[in-house]
Amino acid sequence: MSEAILFYPVFLSQILLISLYFPRKIVARCHYIFNHFPASSHPKLYPAGQERAQKGVKRFWQLNLLNLLIGALVLVFFGPLGPDTFGTPDFGKFMPLLYGMLQFVPIALMELSGLQQFKLMRQLHRSTSRKAELQPRRLFDFISPTAVTVAVLMFFACLFYDAFMPDFRFQLDVDTFARSISLILCNLLFIFIIHRNLRGRKVNPLQASEDRYRQIQVGIKSLIYTSIAVSTFVMINISTNSFALDRYEILFNSLYWQAIALLGMGIMLNELQVKDIDFNVYKAGKGESPAAN
């Protein structure tokens, strides 16, 4: 009964945090940029035009409002029924994870749209002179060795914990194997992204070196902390099965998505402030006419 009561505030927190609070901050950030750095003075910032960028932000907000509505309906109709909805407890336990995936669709679409904009920006400004960064970028220039060590230790601790629970005897069943492979693939993805940030070319071809440094630093910090959170979640998930705490799994699954949002969007929005970005690089150069909206 207690887990059913706790479900309401925990899941409501997930709905509001990921589909309202962070999206509203992102939209406010975008409108600030539109108002203070418009296409009339910063044409290079809008390779497809400011109007198209504004439409994209509007769609992002609408998708989040739709997710907000879906979350409210789930809370109203699923909550009273509990984890055994439709006679399938597994559906109930993983419902916050499934809904969480839906909540992250708008931000994923916005990221893909941003990549397309940067690609177009690169095509339009091939001749723009850029300063080469002669100093090599190293991992520990952006993140403390302690944080990386903790992430690595948590990764191996999770694999060890999974293999030896619940009776502290080594076992490798299908579930253990699947969790281990998922954890390894997840961390390999993080490593790949970090490597691309350190060794790859600029995603934004006009971005100032100082802005890129900060973005890489915050991105790596977010990924390292997320890796620690993923390992922690997997260990908690294993514990719920090992110690007959299955009825609380739905709560842990919801809290997991909220932690991911805080370590991803939360860190990015908090540490990459608009006021610190150099927008002068997006102004029209000599002989260039400002783009139309």
# chains A, B, ... in the order shown; residues from 1 in each chain; ligands from 1
call {"tool": "closest_atom_pairs", "arguments": {"of": "range 247-273 of chain A", "to": "range 25-47 of chain A", "cutoff": "10 Å", "atoms": "only C-alpha atoms", "output": "JSON lines"}}
result
{"residue": "A:Met265", "atom": "CA", "partner": "A:Ile26", "partner_atom": "CA", "distance": 9.1}
{"residue": "A:Gly266", "atom": "CA", "partner": "A:Lys25", "partner_atom": "CA", "distance": 9.9}
{"residue": "A:Leu269", "atom": "CA", "partner": "A:Ile26", "partner_atom": "CA", "distance": 7.7}
{"residue": "A:Gln273", "atom": "CA", "partner": "A:Arg29", "partner_atom": "CA", "distance": 9.0}
call {"tool": "residues_around", "arguments": {"residues": "Leu12 in chain A", "least_positions_apart": "6", "cutoff": "12 Å", "atoms": "only C-alpha atoms", "output": "ChimeraX atom specification"}}
result
/A:5-6,18-20,68-76,79,96,99,251,254-255,258
call {"tool": "write_last_selection", "arguments": {"atoms": "C-alpha atoms", "output": "short mmCIF file (atom, residue, chain, number, x, y, z; two decimals), in the first residue's frame"}}
result
data_model
loop_
_atom_site.label_atom_id
_atom_site.label_comp_id
_atom_site.auth_asym_id
_atom_site.auth_seq_id
_atom_site.Cartn_x
_atom_site.Cartn_y
_atom_site.Cartn_z
CA ILE A 5 0.81 6.09 -2.16
CA LEU A 6 4.43 7.00 -2.98
CA ILE A 18 11.06 16.31 -17.68
CA SER A 19 7.99 17.52 -19.60
CA LEU A 20 7.47 20.97 -18.05
CA LEU A 68 2.49 16.36 -20.15
CA LEU A 69 -1.07 15.42 -21.08
CA ILE A 70 -0.14 11.77 -21.61
CA GLY A 71 1.60 11.71 -18.24
CA ALA A 72 -1.48 13.19 -16.52
CA LEU A 73 -3.69 10.54 -18.13
CA VAL A 74 -1.32 7.78 -17.05
CA LEU A 75 -1.29 9.15 -13.51
CA VAL A 76 -5.09 9.34 -13.34
CA GLY A 79 -2.30 5.10 -10.53
CA PRO A 96 7.94 5.00 -15.84
CA TYR A 99 7.07 6.96 -20.44
CA LEU A 251 9.48 4.03 -7.81
CA SER A 254 10.84 6.75 -12.08
CA LEU A 255 13.61 8.21 -9.90
CA GLN A 258 14.67 11.99 -13.08
#
call {"tool": "closest_residue", "arguments": {"among": "A:Leu245, A:Ala108, A:Met101, A:Ile228", "to": "Val152 in chain A", "atoms": "only C-alpha atoms"}}
result
A:Ile228
call {"tool": "residues_around", "arguments": {"residues": "Ser180 in chain A", "least_positions_apart": "2", "cutoff": "9 Å", "atoms": "only C-alpha atoms", "output": "list in words"}}
result
Cys158, Leu159, Asp162, Ala163, Asp175, Thr176, Phe177, Ala178, Ser182, Leu183, Ile184 and Leu185 of chain A
call {"tool": "write_last_selection", "arguments": {"atoms": "N, CA and C atoms", "output": "PDB file, in the first residue's frame"}}
result
ATOM      1  N   CYS A 158      29.392  -2.943 -10.310  1.00  0.00           N
ATOM      2  CA  CYS A 158      28.066  -3.351 -10.775  1.00  0.00           C
ATOM      3  C   CYS A 158      28.115  -4.724 -11.438  1.00  0.00           C
ATOM      4  N   LEU A 159      29.123  -4.936 -12.297  1.00  0.00           N
ATOM      5  CA  LEU A 159      29.267  -6.244 -12.945  1.00  0.00           C
ATOM      6  C   LEU A 159      29.513  -7.338 -11.907  1.00  0.00           C
ATOM      7  N   ASP A 162      26.298  -7.988  -9.823  1.00  0.00           N
ATOM      8  CA  ASP A 162      25.304  -8.725 -10.594  1.00  0.00           C
ATOM      9  C   ASP A 162      25.653 -10.204 -10.696  1.00  0.00           C
ATOM     10  N   ALA A 163      26.934 -10.497 -10.876  1.00  0.00           N
ATOM     11  CA  ALA A 163      27.364 -11.886 -11.072  1.00  0.00           C
ATOM     12  C   ALA A 163      27.311 -12.710  -9.791  1.00  0.00           C
ATOM     13  N   ASP A 175      19.467 -13.239 -17.550  1.00  0.00           N
ATOM     14  CA  ASP A 175      19.232 -11.865 -17.085  1.00  0.00           C
ATOM     15  C   ASP A 175      20.540 -11.156 -16.749  1.00  0.00           C
ATOM     16  N   THR A 176      21.434 -11.876 -16.062  1.00  0.00           N
ATOM     17  CA  THR A 176      22.728 -11.295 -15.705  1.00  0.00           C
ATOM     18  C   THR A 176      23.528 -10.950 -16.951  1.00  0.00           C
ATOM     19  N   PHE A 177      23.522 -11.850 -17.913  1.00  0.00           N
ATOM     20  CA  PHE A 177      24.250 -11.616 -19.163  1.00  0.00           C
ATOM     21  C   PHE A 177      23.682 -10.409 -19.903  1.00  0.00           C
ATOM     22  N   ALA A 178      22.351 -10.319 -19.978  1.00  0.00           N
ATOM     23  CA  ALA A 178      21.707  -9.218 -20.682  1.00  0.00           C
ATOM     24  C   ALA A 178      22.012  -7.872 -20.008  1.00  0.00           C
ATOM     25  N   SER A 182      24.193  -4.797 -21.649  1.00  0.00           N
ATOM     26  CA  SER A 182      23.576  -3.471 -21.735  1.00  0.00           C
ATOM     27  C   SER A 182      24.453  -2.419 -21.066  1.00  0.00           C
ATOM     28  N   LEU A 183      24.996  -2.765 -19.901  1.00  0.00           N
ATOM     29  CA  LEU A 183      25.852  -1.824 -19.165  1.00  0.00           C
ATOM     30  C   LEU A 183      27.136  -1.541 -19.943  1.00  0.00           C
ATOM     31  N   ILE A 184      27.709  -2.573 -20.528  1.00  0.00           N
ATOM     32  CA  ILE A 184      28.942  -2.403 -21.313  1.00  0.00           C
ATOM     33  C   ILE A 184      28.678  -1.535 -22.539  1.00  0.00           C
ATOM     34  N   LEU A 185      27.582  -1.817 -23.261  1.00  0.00           N
ATOM     35  CA  LEU A 185      27.258  -1.038 -24.461  1.00  0.00           C
ATOM     36  C   LEU A 185      26.977   0.422 -24.111  1.00  0.00           C
TER      37      LEU A 185
END
call {"tool": "closest_residue", "arguments": {"among": "A:Tyr213, A:Met165, A:Gln62, A:Lys202", "to": "Phe243 in chain A", "atoms": "only C-alpha atoms"}}
result
A:Met165
call {"tool": "residues_around", "arguments": {"residues": "range 117-125 of chain A", "least_positions_apart": "6", "cutoff": "7 Å", "atoms": "only C-alpha atoms", "output": "PyMOL selection string"}}
result
chain A and resi 47+203-205
call {"tool": "select_by_dssp", "arguments": {"residues": "range 34-265 of chain A", "states": "helix (DSSP H, G or I)", "output": "MDAnalysis selection string"}}
result
chainID A and resid 34:36 43:45 50:78 85:87 89:103 105:124 139:141 145:164 174:199 209:242 246:265
call {"tool": "atom_distance", "arguments": {"atom1": "CA of Leu206 in chain A", "atom2": "CA of Ser222 in chain A"}}
result
23.5 Å
call {"tool": "atom_distance", "arguments": {"atom1": "CA of Glu51 in chain A", "atom2": "CA of Ile107 in chain A"}}
result
19.4 Å
call {"tool": "residues_around", "arguments": {"residues": "Ser231 in chain A", "least_positions_apart": "2", "cutoff": "9 Å", "atoms": "only C-alpha atoms", "output": "ChimeraX atom specification"}}
result
/A:151,154-159,183,226-229,233-236
call {"tool": "closest_residue", "arguments": {"among": "A:Phe142, A:Phe11, A:Trp257, A:Phe170", "to": "Arg214 in chain A", "atoms": "only C-alpha atoms"}}
result
A:Phe142
call {"tool": "closest_residue", "arguments": {"among": "A:Ser113, A:Phe77, A:Gln50, A:Ile224", "to": "Thr146 in chain A", "atoms": "only C-alpha atoms"}}
result
A:Ile224
call {"tool": "closest_residue", "arguments": {"among": "A:Phe164, A:Arg179, A:Glu111, A:Arg138", "to": "Arg196 in chain A", "atoms": "only C-alpha atoms"}}
result
A:Arg138
call {"tool": "atom_distance", "arguments": {"atom1": "CA of Leu63 in chain A", "atom2": "CA of Gln103 in chain A"}}
result
8.8 Å
call {"tool": "closest_residue", "arguments": {"among": "A:Ile260, A:Tyr161, A:Ser144, A:His195", "to": "Ser239 in chain A", "atoms": "only C-alpha atoms"}}
result
A:Tyr161
